[in-house]
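Chemist: Structure below; questions to follow.
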2 protein chains.
Amino acid sequence: MTNILIADDHDLVRDTIAAYLETVDSFKVFTAHDLASALEVMSGVDSIDLLILDYNMPGMNGLQGLERACTSYPATKVALMSGVANREIANNAMERHARGFIPKSLSATSFINAIKFILSGERYLPFDLVSSAPASKNHDDFTNVSAREMQTLEQLCIGLSNKEIARNLDIQEVTVKLHVKNIFSKLGVSNRTQAALFAKERYLF
Amino acid sequence: MTNILIADDHDLVRDTIAAYLETVDSFKVFTAHDLASALEVMSGVDSIDLLILDYNMPGMNGLQGLERACTSYPATKVALMSGVANREIANNAMERHARGFIPKSLSATSFINAIKFILSGERYLPFDLVSSAPASKNHDDFTNVSAREMQTLEQLCIGLSNKEIARNLDIQEVTVKLHVKNIFSKLGVSNRTQAALFAKERYLF
DNA sequence: TAGTATAGTATACTTAAGTATAGGTTTATA
DNA sequence: TATAAACCTATACTTAAGTATACTATACTA
């Protein structure tokens, strides 16, 4: 027997999905109308295999609710469901260890398939939401770079000249040159193009 | 009744998959051992709903076989199957209108789910293959750039100096400068850093 | 309080980048 | 066979980029 807990504040949506899930397969479905009551159900039932959280639901607070559920019940697979198929939300959710992102625009059969996928250990993200997914930032290579050098690097990353950067930061061009030179040695590159590419590859700006 | 044609040159793999598909659901499964015989079956049967092509199979010729099948039978959903879960191949296949990419490392239940997904109109790509997928290239902004200028731009995009580019292309530095200047005006940028960023943003190299 | 890091400036210099004009070759196309 | 386009080179020049050393000033820290 597979236990599924579905949490959504829209009664109609939640209950019809629950009813549908119980008809098509041997699922035992629990429901909740917000995050608090969802976590309450979690603590009362022996084991929920899959927890489906609505993104726009009291207590969710963006992706904080997702993280809270994931850390509180690591054995349970947690998926996020949302009415708007936002790419950024989906990617952030997956980065925060969601097992799946379920847009409500999905067809009923696709919805079932997605749930089966997640239950079988796969992670599910609709293809049209991942066709160009931005990777996460990597700040490790920039720990030695000072604040002012960082501002310089930021302007360098849009292809500005030293003179333009000096004007924008309201300092002399020689000072910019100094910052630029320090950036090179700290990043291990040898010119401004390499520095810009280096930062961009690590999705700094 | 749903018709599925599975084409793979490994008899054991193909026939066990076919047998498995017929047991779990109401699928009518056809088989082929290479692309030529697959297309032959296609022309003989009224309608194949899903065609599964093995990437390493006689007649495939990389992704040419996929394209051939897609264009010859636009009404049929075509998925690519491969023993090695290569990200680049998967993305290229999806760009070439494959309805799914199925790594053979998939579990049996996930395999079934993937097929159901594709049959229901979704497109399927395993999540671990898309966690940081590069977007599709955009060549529109580079139609006026000549071949030699393109080679120059490529080296410029790794932060090389004019002198280094000249050495690599075995031409004089002045020629490189000419190419670089032409690149600037064609791309509408004003220095090499902007040119590199411009190309990178469009995933050219 | 001496040391260290960041930040800014100044002067001076070398090298690279970028612009401009002129002229040459090959190759494909009208 | 012109005529264009891509490709390459030469000379000459201006500006930007990058390096080096030396000198302030502030703020934090051992």
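Every chain in the structure tokens takes a letter, A first, then B, and so on in the order presented; its residues are numbered from 1, and the ligands are numbered from 1 following the presented order.
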Just the residues within 10 Å of Met1 (chain B), please, counting only C-alpha atoms (C1' of nucleotides), with nothing from its chain fewer than 3 positions along; format it as a PyMOL selection string.
Modeler: chain B and resi 4+25-28+49
Chemist: Env of Val176 (chain A): 8 Å cut, atoms = only C-alpha atoms (C1' of nucleotides), seq-sep filter 5 positions within chain, self excluded. Answer as a PyMOL selection string.
Modeler: chain A and resi 152+162+165-166+171
Chemist: If you measure from CA of Tyr73 (chain B) to CA of Ala108 (chain B), what distance in Å do you get, rounded to one decimal?
Modeler: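 Between these atoms lies a distance of 27.3 Å.
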Chemist: Near Ser47 (chain A), counting only C-alpha atoms (C1' of nucleotides), which residues have an atom at most 9 Å away, once you skip same-chain residues fewer than 2 positions from it, shown as a list in words?
Modeler: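 What passes the distance filter is Asn3, Met42, Ser43, Gly44, Val45, Asp49, Ala75 and Thr76 of chain A.
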Chemist: Using C-alpha atoms, can you export the residues from the last selection as a CSV table (one decimal), in the first residue's frame?
Modeler:
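Listing of part_39.csv after writing:
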chain,number,residue,atom,x,y,z
A,3,ASN,CA,0.5,6.4,1.2
A,42,MET,CA,2.9,13.4,8.7
A,43,SER,CA,3.6,13.0,12.4
A,44,GLY,CA,0.5,11.0,12.9
A,45,VAL,CA,0.7,8.5,10.1
A,49,ASP,CA,5.6,7.7,0.8
A,75,ALA,CA,12.4,9.3,4.3
A,76,THR,CA,9.4,10.8,2.5
Chemist: Please provide chain B as a short mmCIF file (atom, residue, chain, number, x, y, z; two decimals) with C-alpha atoms, in the first residue's frame, once it has been superposed on chain A by least squares across all sequentially paired Cα atoms.
Modeler:
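selection-v9.cif, written as the output of this step:
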data_model
loop_
_atom_site.label_atom_id
_atom_site.label_comp_id
_atom_site.auth_asym_id
_atom_site.auth_seq_id
_atom_site.Cartn_x
_atom_site.Cartn_y
_atom_site.Cartn_z
CA MET B 1 -0.19 0.97 0.54
CA THR B 2 1.31 4.23 -0.56
CA ASN B 3 0.73 7.36 1.49
CA ILE B 4 0.59 10.70 -0.27
CA LEU B 5 0.18 14.08 1.39
CA ILE B 6 -0.93 16.90 -0.82
CA ALA B 7 -0.72 20.47 0.51
CA ASP B 8 -2.46 23.29 -1.33
CA ASP B 9 -4.44 26.27 -0.09
CA HIS B 10 -7.00 26.09 -2.88
CA ASP B 11 -9.66 23.70 -1.53
CA LEU B 12 -11.11 22.79 -4.91
CA VAL B 13 -7.74 22.05 -6.48
CA ARG B 14 -6.47 20.05 -3.51
CA ASP B 15 -9.56 17.95 -2.96
CA THR B 16 -10.19 17.10 -6.59
CA ILE B 17 -6.57 16.05 -7.02
CA ALA B 18 -6.83 13.97 -3.85
CA ALA B 19 -10.05 12.32 -5.02
CA TYR B 20 -8.58 11.63 -8.44
CA LEU B 21 -5.47 10.05 -6.95
CA GLU B 22 -7.54 7.71 -4.79
CA THR B 23 -9.63 6.49 -7.71
CA VAL B 24 -6.85 5.60 -10.12
CA ASP B 25 -4.54 3.71 -7.81
CA SER B 26 -4.12 2.30 -4.36
CA PHE B 27 -3.06 5.57 -2.80
CA LYS B 28 -3.97 6.70 0.67
CA VAL B 29 -4.20 10.47 0.29
CA PHE B 30 -3.87 13.03 3.07
CA THR B 31 -4.43 16.75 2.62
CA ALA B 32 -3.31 20.02 4.16
CA HIS B 33 -4.09 23.66 3.42
CA ASP B 34 -0.73 25.18 4.31
CA LEU B 35 2.81 24.22 5.24
CA ALA B 36 2.25 24.26 8.99
CA SER B 37 -0.65 21.80 8.88
CA ALA B 38 1.25 19.70 6.34
CA LEU B 39 4.14 19.29 8.77
CA GLU B 40 1.60 18.54 11.49
CA VAL B 41 0.14 15.71 9.42
CA MET B 42 3.66 14.45 8.72
CA SER B 43 4.41 14.12 12.40
CA GLY B 44 1.13 12.31 13.04
CA VAL B 45 1.19 9.70 10.29
CA ASP B 46 3.65 6.81 10.41
CA SER B 47 5.16 7.29 7.00
CA ILE B 48 4.24 9.58 4.11
CA ASP B 49 5.89 8.32 0.92
CA LEU B 50 5.32 11.45 -1.11
CA LEU B 51 4.70 15.01 -0.04
CA ILE B 52 3.42 17.41 -2.68
CA LEU B 53 3.80 21.07 -1.76
CA ASP B 54 2.18 23.96 -3.57
CA TYR B 55 4.66 26.74 -4.27
CA ASN B 56 2.14 29.51 -3.56
CA MET B 57 0.80 28.48 -0.20
CA PRO B 58 0.86 30.09 3.25
CA GLY B 59 4.10 29.29 5.07
CA MET B 60 6.10 28.31 2.01
CA ASN B 61 8.08 31.53 1.80
CA GLY B 62 9.51 30.77 -1.61
CA LEU B 63 11.67 27.67 -1.46
CA GLN B 64 12.32 27.88 2.27
CA GLY B 65 9.27 25.74 2.96
CA LEU B 66 10.56 23.10 0.57
CA GLU B 67 13.94 22.99 2.29
CA ARG B 68 12.29 22.82 5.68
CA ALA B 69 10.18 19.85 4.66
CA CYS B 70 13.14 18.07 3.02
CA THR B 71 15.39 18.41 6.05
CA SER B 72 12.66 17.60 8.58
CA TYR B 73 11.58 14.42 6.79
CA PRO B 74 14.51 13.11 4.76
CA ALA B 75 12.84 9.72 4.24
CA THR B 76 9.88 11.31 2.48
CA LYS B 77 10.04 12.26 -1.18
CA VAL B 78 9.10 15.91 -1.55
CA ALA B 79 7.82 17.38 -4.81
CA LEU B 80 6.94 20.97 -5.61
CA MET B 81 3.77 21.86 -7.46
CA SER B 82 3.15 25.23 -9.06
CA GLY B 83 0.55 26.95 -11.18
CA VAL B 84 3.14 28.90 -13.11
CA ALA B 85 5.71 26.75 -14.88
CA ASN B 86 8.67 28.94 -14.08
CA ARG B 87 11.98 27.50 -15.22
CA GLU B 88 14.06 29.22 -12.59
CA ILE B 89 11.86 28.10 -9.71
CA ALA B 90 11.86 24.55 -11.05
CA ASN B 91 15.63 24.40 -11.35
CA ASN B 92 16.17 25.95 -7.94
CA ALA B 93 13.72 23.51 -6.41
CA MET B 94 15.54 20.56 -7.97
CA GLU B 95 18.84 21.94 -6.73
CA ARG B 96 17.32 22.06 -3.26
CA HIS B 97 16.69 18.32 -3.45
CA ALA B 98 13.07 18.33 -4.56
CA ARG B 99 12.25 14.96 -6.13
CA GLY B 100 10.10 16.58 -8.76
CA PHE B 101 8.50 19.74 -10.09
CA ILE B 102 4.87 19.40 -11.10
CA PRO B 103 3.31 22.22 -13.14
CA LYS B 104 -0.46 22.36 -12.80
CA SER B 105 -0.65 22.62 -16.57
CA LEU B 106 0.12 18.89 -16.71
CA SER B 107 -2.60 16.57 -17.98
CA ALA B 108 -4.23 14.17 -15.50
CA THR B 109 -2.51 11.08 -16.94
CA SER B 110 0.85 12.85 -17.05
CA PHE B 111 0.29 13.94 -13.48
CA ILE B 112 -0.23 10.33 -12.41
CA ASN B 113 2.81 9.25 -14.36
CA ALA B 114 4.91 11.96 -12.77
CA ILE B 115 3.84 10.81 -9.31
CA LYS B 116 4.59 7.17 -10.15
CA PHE B 117 7.95 8.25 -11.45
CA ILE B 118 8.81 10.06 -8.27
CA LEU B 119 7.52 7.20 -6.11
CA SER B 120 9.71 4.74 -8.02
CA GLY B 121 12.79 6.77 -7.13
CA GLU B 122 13.22 8.83 -10.28
CA ARG B 123 13.28 12.58 -10.32
CA TYR B 124 10.78 14.38 -12.51
CA LEU B 125 11.09 17.69 -14.32
CA PRO B 126 8.97 18.45 -17.42
CA PHE B 127 11.03 18.39 -20.58
CA ASP B 128 9.96 21.82 -21.81
CA LEU B 129 11.30 23.26 -18.56
CA VAL B 130 14.75 21.82 -19.09
CA SER B 131 15.33 22.19 -22.84
CA SER B 132 18.02 24.72 -22.07
CA ALA B 133 18.56 24.55 -18.36
CA PRO B 134 21.39 26.55 -16.84
CA ALA B 135 23.71 24.41 -14.80
CA SER B 136 24.14 24.90 -11.10
CA LYS B 137 26.41 27.66 -9.99
CA ASN B 138 29.91 26.94 -8.82
CA HIS B 139 30.99 29.44 -6.22
CA ASP B 140 34.05 27.55 -5.04
CA ASP B 141 36.46 29.55 -7.19
CA PHE B 142 35.16 32.85 -5.83
CA THR B 143 35.42 32.36 -2.08
CA ASN B 144 38.35 34.78 -1.80
CA VAL B 145 36.70 37.47 -3.89
CA SER B 146 35.39 40.29 -1.71
CA ALA B 147 31.92 41.79 -2.01
CA ARG B 148 33.07 44.90 -3.84
CA GLU B 149 35.25 42.88 -6.17
CA MET B 150 32.24 40.69 -6.89
CA GLN B 151 30.20 43.73 -7.91
CA THR B 152 33.05 44.81 -10.14
CA LEU B 153 33.25 41.35 -11.68
CA GLU B 154 29.53 41.39 -12.34
CA GLN B 155 29.80 44.56 -14.40
CA LEU B 156 32.94 43.29 -16.06
CA CYS B 157 30.88 40.29 -17.15
CA ILE B 158 28.66 42.43 -19.33
CA GLY B 159 31.65 44.00 -21.04
CA LEU B 160 31.69 47.38 -19.35
CA SER B 161 34.82 49.56 -19.22
CA ASN B 162 36.53 50.58 -16.01
CA LYS B 163 35.13 54.07 -16.39
CA GLU B 164 31.56 52.78 -16.71
CA ILE B 165 31.99 50.46 -13.75
CA ALA B 166 33.36 53.34 -11.68
CA ARG B 167 30.31 55.45 -12.55
CA ASN B 168 27.90 52.62 -11.71
CA LEU B 169 29.55 51.81 -8.38
CA ASP B 170 30.12 55.52 -7.63
CA ILE B 171 33.86 55.15 -7.04
CA GLN B 172 36.99 56.35 -8.83
CA GLU B 173 38.33 54.60 -11.90
CA VAL B 174 41.62 53.80 -10.14
CA THR B 175 39.70 51.91 -7.50
CA VAL B 176 38.03 49.87 -10.15
CA LYS B 177 41.43 49.12 -11.64
CA LEU B 178 42.60 47.93 -8.23
CA HIS B 179 39.58 45.67 -7.85
CA VAL B 180 40.04 44.35 -11.36
CA LYS B 181 43.70 43.58 -10.72
CA ASN B 182 42.82 41.75 -7.50
CA ILE B 183 40.15 39.78 -9.34
CA PHE B 184 42.72 38.68 -11.91
CA SER B 185 45.14 37.35 -9.33
CA LYS B 186 42.39 35.69 -7.30
CA LEU B 187 40.89 33.94 -10.33
CA GLY B 188 44.24 33.21 -11.90
CA VAL B 189 43.57 35.03 -15.16
CA SER B 190 45.49 37.75 -16.96
CA ASN B 191 42.92 40.08 -18.48
CA ARG B 192 39.30 41.17 -18.22
CA THR B 193 38.07 39.02 -21.08
CA GLN B 194 39.45 35.90 -19.41
CA ALA B 195 37.89 36.99 -16.13
CA ALA B 196 34.48 37.43 -17.75
CA LEU B 197 34.70 34.06 -19.49
CA PHE B 198 35.88 32.41 -16.27
CA ALA B 199 32.86 33.70 -14.37
CA LYS B 200 30.42 32.90 -17.17
CA GLU B 201 31.72 29.35 -17.52
CA ARG B 202 30.92 28.86 -13.87
CA TYR B 203 27.48 30.37 -14.37
CA LEU B 204 28.14 33.06 -11.81
CA PHE B 205 25.99 35.75 -13.43
#
Chemist: Taking the DSSP secondary structure from the backbone, can you list the residues of chain B that are strand (DSSP E), as a list in words?
Modeler: Thr2, Asn3, Ile4, Leu5, Ile6, Ala7, Phe27, Lys28, Val29, Phe30, Thr31, Ala32, Leu50, Leu51, Ile52, Leu53, Asp54, Lys77, Val78, Ala79, Leu80, Met81, Ser82, Gly100, Phe101, Ile102 and Pro103 of chain B
Chemist: For the residues selected in the previous step, produce a file with N, CA and C atoms as a PDB file, in the first residue's frame.
Modeler:
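Result went into part.pdb, see below:
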ATOM      1  N   THR B   2      -2.603   0.080 -28.521  1.00  0.00           N
ATOM      2  CA  THR B   2      -1.456   0.939 -28.799  1.00  0.00           C
ATOM      3  C   THR B   2      -0.341   0.141 -29.452  1.00  0.00           C
ATOM      4  N   ASN B   3       0.128   0.635 -30.586  1.00  0.00           N
ATOM      5  CA  ASN B   3       1.190  -0.053 -31.316  1.00  0.00           C
ATOM      6  C   ASN B   3       2.558   0.555 -31.014  1.00  0.00           C
ATOM      7  N   ILE B   4       3.483  -0.287 -30.620  1.00  0.00           N
ATOM      8  CA  ILE B   4       4.833   0.170 -30.325  1.00  0.00           C
ATOM      9  C   ILE B   4       5.823  -0.628 -31.164  1.00  0.00           C
ATOM     10  N   LEU B   5       6.736   0.090 -31.799  1.00  0.00           N
ATOM     11  CA  LEU B   5       7.793  -0.583 -32.560  1.00  0.00           C
ATOM     12  C   LEU B   5       9.127  -0.297 -31.874  1.00  0.00           C
ATOM     13  N   ILE B   6       9.791  -1.370 -31.504  1.00  0.00           N
ATOM     14  CA  ILE B   6      11.064  -1.217 -30.831  1.00  0.00           C
ATOM     15  C   ILE B   6      12.183  -1.769 -31.706  1.00  0.00           C
ATOM     16  N   ALA B   7      13.178  -0.919 -32.000  1.00  0.00           N
ATOM     17  CA  ALA B   7      14.261  -1.289 -32.911  1.00  0.00           C
ATOM     18  C   ALA B   7      15.592  -1.288 -32.169  1.00  0.00           C
ATOM     19  N   PHE B  27      -0.291  -3.356 -24.950  1.00  0.00           N
ATOM     20  CA  PHE B  27       0.515  -2.875 -26.066  1.00  0.00           C
ATOM     21  C   PHE B  27       0.671  -3.966 -27.107  1.00  0.00           C
ATOM     22  N   LYS B  28       0.537  -3.580 -28.360  1.00  0.00           N
ATOM     23  CA  LYS B  28       0.918  -4.483 -29.446  1.00  0.00           C
ATOM     24  C   LYS B  28       2.328  -4.083 -29.861  1.00  0.00           C
ATOM     25  N   VAL B  29       3.295  -4.990 -29.652  1.00  0.00           N
ATOM     26  CA  VAL B  29       4.691  -4.639 -29.850  1.00  0.00           C
ATOM     27  C   VAL B  29       5.268  -5.264 -31.105  1.00  0.00           C
ATOM     28  N   PHE B  30       5.873  -4.428 -31.939  1.00  0.00           N
ATOM     29  CA  PHE B  30       6.590  -4.888 -33.127  1.00  0.00           C
ATOM     30  C   PHE B  30       8.081  -4.697 -32.885  1.00  0.00           C
ATOM     31  N   THR B  31       8.899  -5.471 -33.588  1.00  0.00           N
ATOM     32  CA  THR B  31      10.344  -5.340 -33.380  1.00  0.00           C
ATOM     33  C   THR B  31      11.081  -5.241 -34.705  1.00  0.00           C
ATOM     34  N   ALA B  32      12.287  -4.671 -34.615  1.00  0.00           N
ATOM     35  CA  ALA B  32      13.168  -4.572 -35.784  1.00  0.00           C
ATOM     36  C   ALA B  32      14.601  -4.588 -35.291  1.00  0.00           C
ATOM     37  N   LEU B  50       4.236   4.612 -31.205  1.00  0.00           N
ATOM     38  CA  LEU B  50       5.537   4.964 -30.635  1.00  0.00           C
ATOM     39  C   LEU B  50       6.635   4.121 -31.255  1.00  0.00           C
ATOM     40  N   LEU B  51       7.651   4.816 -31.733  1.00  0.00           N
ATOM     41  CA  LEU B  51       8.815   4.138 -32.303  1.00  0.00           C
ATOM     42  C   LEU B  51      10.007   4.389 -31.396  1.00  0.00           C
ATOM     43  N   ILE B  52      10.602   3.303 -30.913  1.00  0.00           N
ATOM     44  CA  ILE B  52      11.765   3.424 -30.037  1.00  0.00           C
ATOM     45  C   ILE B  52      13.010   2.965 -30.797  1.00  0.00           C
ATOM     46  N   LEU B  53      13.939   3.909 -30.999  1.00  0.00           N
ATOM     47  CA  LEU B  53      15.137   3.608 -31.779  1.00  0.00           C
ATOM     48  C   LEU B  53      16.360   3.526 -30.876  1.00  0.00           C
ATOM     49  N   ASP B  54      17.140   2.477 -31.066  1.00  0.00           N
ATOM     50  CA  ASP B  54      18.410   2.388 -30.349  1.00  0.00           C
ATOM     51  C   ASP B  54      19.437   3.282 -31.033  1.00  0.00           C
ATOM     52  N   LYS B  77       5.224   9.082 -32.699  1.00  0.00           N
ATOM     53  CA  LYS B  77       6.137   9.606 -31.687  1.00  0.00           C
ATOM     54  C   LYS B  77       7.415   8.781 -31.713  1.00  0.00           C
ATOM     55  N   VAL B  78       8.541   9.463 -31.831  1.00  0.00           N
ATOM     56  CA  VAL B  78       9.818   8.757 -31.928  1.00  0.00           C
ATOM     57  C   VAL B  78      10.671   9.058 -30.700  1.00  0.00           C
ATOM     58  N   ALA B  79      11.124   8.007 -30.039  1.00  0.00           N
ATOM     59  CA  ALA B  79      12.001   8.164 -28.880  1.00  0.00           C
ATOM     60  C   ALA B  79      13.336   7.494 -29.147  1.00  0.00           C
ATOM     61  N   LEU B  80      14.380   8.041 -28.553  1.00  0.00           N
ATOM     62  CA  LEU B  80      15.710   7.468 -28.714  1.00  0.00           C
ATOM     63  C   LEU B  80      16.067   6.714 -27.441  1.00  0.00           C
ATOM     64  N   MET B  81      16.694   5.542 -27.630  1.00  0.00           N
ATOM     65  CA  MET B  81      17.113   4.739 -26.496  1.00  0.00           C
ATOM     66  C   MET B  81      18.617   4.533 -26.611  1.00  0.00           C
ATOM     67  N   SER B  82      19.315   4.606 -25.490  1.00  0.00           N
ATOM     68  CA  SER B  82      20.765   4.457 -25.568  1.00  0.00           C
ATOM     69  C   SER B  82      21.324   3.797 -24.322  1.00  0.00           C
ATOM     70  N   GLY B 100      11.386  11.641 -26.650  1.00  0.00           N
ATOM     71  CA  GLY B 100      11.957  11.215 -25.390  1.00  0.00           C
ATOM     72  C   GLY B 100      13.328  10.598 -25.569  1.00  0.00           C
ATOM     73  N   PHE B 101      14.089  10.577 -24.479  1.00  0.00           N
ATOM     74  CA  PHE B 101      15.389   9.919 -24.476  1.00  0.00           C
ATOM     75  C   PHE B 101      15.377   8.911 -23.340  1.00  0.00           C
ATOM     76  N   ILE B 102      15.559   7.631 -23.693  1.00  0.00           N
ATOM     77  CA  ILE B 102      15.425   6.572 -22.706  1.00  0.00           C
ATOM     78  C   ILE B 102      16.771   5.887 -22.481  1.00  0.00           C
ATOM     79  N   PRO B 103      17.440   6.168 -21.350  1.00  0.00           N
ATOM     80  CA  PRO B 103      18.678   5.459 -21.049  1.00  0.00           C
ATOM     81  C   PRO B 103      18.354   4.035 -20.601  1.00  0.00           C
TER      82      PRO B 103
END
Chemist: Go through chain D residue by residue and, counting only C-alpha atoms (C1' of nucleotides), keep those with an atom at most 12 Å from chain A; for each kept residue give the shortest atom pair and its distance in Å to one decimal, ordered by chain and increasing number, as a tab-separated table.
Modeler:
residue	atom	partner	partner_atom	distance
D:DT15	C1'	A:Lys163	CA	11.5
D:DA16	C1'	A:Ser161	CA	8.1
D:DA17	C1'	A:Lys177	CA	8.3
D:DG18	C1'	A:Lys181	CA	7.4
D:DT19	C1'	A:Lys181	CA	8.6
D:DA20	C1'	A:Leu178	CA	10.8
Chemist: Could the residues in this selection be saved with N, CA and C atoms (P, O5', C5', C4', C3', O3' and C1' of nucleotides) as a PDB file, in the first residue's frame?
Modeler:
ATOM      1  P    DT D  15      44.110  59.475 -29.625  1.00  0.00           P
ATOM      2  O5'  DT D  15      43.664  58.187 -28.810  1.00  0.00           O
ATOM      3  C5'  DT D  15      42.610  57.368 -29.311  1.00  0.00           C
ATOM      4  C4'  DT D  15      42.573  56.046 -28.572  1.00  0.00           C
ATOM      5  C3'  DT D  15      42.507  56.176 -27.049  1.00  0.00           C
ATOM      6  O3'  DT D  15      41.344  55.496 -26.615  1.00  0.00           O
ATOM      7  C1'  DT D  15      44.140  54.584 -27.686  1.00  0.00           C
ATOM      8  P    DA D  16      40.935  55.475 -25.048  1.00  0.00           P
ATOM      9  O5'  DA D  16      41.244  53.962 -24.649  1.00  0.00           O
ATOM     10  C5'  DA D  16      40.851  52.927 -25.520  1.00  0.00           C
ATOM     11  C4'  DA D  16      41.404  51.613 -25.030  1.00  0.00           C
ATOM     12  C3'  DA D  16      41.258  51.386 -23.523  1.00  0.00           C
ATOM     13  O3'  DA D  16      40.700  50.095 -23.323  1.00  0.00           O
ATOM     14  C1'  DA D  16      43.545  51.118 -24.174  1.00  0.00           C
ATOM     15  P    DA D  17      40.542  49.499 -21.865  1.00  0.00           P
ATOM     16  O5'  DA D  17      41.859  48.619 -21.747  1.00  0.00           O
ATOM     17  C5'  DA D  17      42.186  47.725 -22.796  1.00  0.00           C
ATOM     18  C4'  DA D  17      43.407  46.909 -22.428  1.00  0.00           C
ATOM     19  C3'  DA D  17      43.387  46.353 -21.006  1.00  0.00           C
ATOM     20  O3'  DA D  17      43.795  45.003 -21.069  1.00  0.00           O
ATOM     21  C1'  DA D  17      45.366  47.622 -21.355  1.00  0.00           C
ATOM     22  P    DG D  18      43.647  44.054 -19.812  1.00  0.00           P
ATOM     23  O5'  DG D  18      45.101  44.141 -19.171  1.00  0.00           O
ATOM     24  C5'  DG D  18      46.210  43.664 -19.921  1.00  0.00           C
ATOM     25  C4'  DG D  18      47.501  44.083 -19.258  1.00  0.00           C
ATOM     26  C3'  DG D  18      47.614  43.798 -17.754  1.00  0.00           C
ATOM     27  O3'  DG D  18      48.678  42.884 -17.545  1.00  0.00           O
ATOM     28  C1'  DG D  18      48.451  45.944 -18.297  1.00  0.00           C
ATOM     29  P    DT D  19      49.158  42.469 -16.072  1.00  0.00           P
ATOM     30  O5'  DT D  19      50.412  43.420 -15.852  1.00  0.00           O
ATOM     31  C5'  DT D  19      51.463  43.407 -16.814  1.00  0.00           C
ATOM     32  C4'  DT D  19      52.645  44.210 -16.301  1.00  0.00           C
ATOM     33  C3'  DT D  19      53.014  43.943 -14.836  1.00  0.00           C
ATOM     34  O3'  DT D  19      54.403  43.661 -14.752  1.00  0.00           O
ATOM     35  C1'  DT D  19      52.796  46.272 -15.217  1.00  0.00           C
ATOM     36  P    DA D  20      55.014  43.127 -13.352  1.00  0.00           P
ATOM     37  O5'  DA D  20      55.611  44.475 -12.728  1.00  0.00           O
ATOM     38  C5'  DA D  20      56.429  45.313 -13.531  1.00  0.00           C
ATOM     39  C4'  DA D  20      56.809  46.546 -12.726  1.00  0.00           C
ATOM     40  C3'  DA D  20      56.902  46.312 -11.208  1.00  0.00           C
ATOM     41  O3'  DA D  20      58.260  46.477 -10.806  1.00  0.00           O
ATOM     42  C1'  DA D  20      55.727  48.330 -11.732  1.00  0.00           C
TER      43       DA D  20
END
Chemist: Report as a count of residues only the set of chain C residues whose atoms approach chain A to within 9 Å, with distances computed over only C-alpha atoms (C1' of nucleotides).
Modeler: 5
Chemist: If you run DSSP on the backbone here, which positions in region 74-197 of chain A get alpha helix (DSSP H)? Please write them as a short mmCIF file (atom, residue, chain, number, x, y, z; two decimals) with C-alpha atoms, in the first residue's frame.
Modeler:
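Generated file (part_18.cif):
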data_model
loop_
_atom_site.label_atom_id
_atom_site.label_comp_id
_atom_site.auth_asym_id
_atom_site.auth_seq_id
_atom_site.Cartn_x
_atom_site.Cartn_y
_atom_site.Cartn_z
CA ARG A 87 10.92 27.73 -14.55
CA GLU A 88 12.87 29.46 -11.83
CA ILE A 89 10.68 28.13 -9.05
CA ALA A 90 10.89 24.64 -10.51
CA ASN A 91 14.67 24.70 -10.74
CA ASN A 92 15.08 26.14 -7.27
CA ALA A 93 12.73 23.53 -5.87
CA MET A 94 14.73 20.72 -7.51
CA GLU A 95 17.94 22.22 -6.15
CA ALA A 108 -4.53 13.57 -15.63
CA THR A 109 -2.64 10.63 -17.13
CA SER A 110 0.62 12.58 -17.13
CA PHE A 111 -0.04 13.49 -13.53
CA ILE A 112 -0.39 9.83 -12.58
CA ASN A 113 2.73 8.98 -14.53
CA ALA A 114 4.67 11.74 -12.80
CA ILE A 115 3.61 10.41 -9.40
CA LYS A 116 4.56 6.86 -10.36
CA PHE A 117 7.89 8.17 -11.56
CA ILE A 118 8.60 9.88 -8.29
CA LEU A 119 7.43 6.88 -6.28
CA ALA A 147 34.32 44.22 -2.22
CA ARG A 148 35.68 46.93 -4.45
CA GLU A 149 37.35 44.42 -6.74
CA MET A 150 34.02 42.62 -6.98
CA GLN A 151 32.30 45.80 -8.13
CA THR A 152 35.03 46.25 -10.69
CA LEU A 153 34.62 42.66 -11.85
CA GLU A 154 30.90 43.15 -12.23
CA GLN A 155 31.40 46.03 -14.63
CA LEU A 156 34.15 44.17 -16.39
CA ASN A 162 38.67 50.86 -17.44
CA LYS A 163 37.69 54.46 -18.11
CA GLU A 164 33.98 53.65 -17.98
CA ILE A 165 34.39 51.61 -14.82
CA ALA A 166 36.32 54.47 -13.21
CA ARG A 167 33.50 56.87 -14.05
CA ASN A 168 30.84 54.51 -12.69
CA LEU A 169 32.69 53.82 -9.44
CA GLU A 173 41.36 54.99 -13.99
CA VAL A 174 44.69 53.93 -12.43
CA THR A 175 42.82 52.59 -9.43
CA VAL A 176 40.62 50.53 -11.69
CA LYS A 177 43.74 49.17 -13.36
CA LEU A 178 45.06 48.18 -9.97
CA HIS A 179 41.83 46.41 -9.06
CA VAL A 180 41.76 44.70 -12.43
CA LYS A 181 45.33 43.49 -12.03
CA ASN A 182 44.54 42.11 -8.56
CA ILE A 183 41.46 40.37 -9.94
CA PHE A 184 43.59 38.67 -12.59
CA SER A 185 46.06 37.27 -10.08
CA LYS A 186 43.34 36.21 -7.65
CA LEU A 187 41.33 34.40 -10.33
CA ARG A 192 39.96 40.98 -18.81
CA THR A 193 38.17 38.75 -21.30
CA GLN A 194 39.29 35.65 -19.43
CA ALA A 195 38.20 37.27 -16.15
CA ALA A 196 34.74 38.01 -17.54
CA LEU A 197 34.35 34.49 -18.94
#
Chemist: How many Å lie between C1' of DA4 (chain D) and C1' of DT19 (chain C), rounded to one decimal?
Modeler: 24.4 Å
Chemist: Do you know which residues are at most 12 Å from DT29 (chain C) counting only C-alpha atoms (C1' of nucleotides), after dropping those on the same chain fewer than 3 positions away, and could you put them as a list in words?
Modeler: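 These residues fall inside the cut-off: DT1, DA2, DT3, DA4 and DA5 of chain D.
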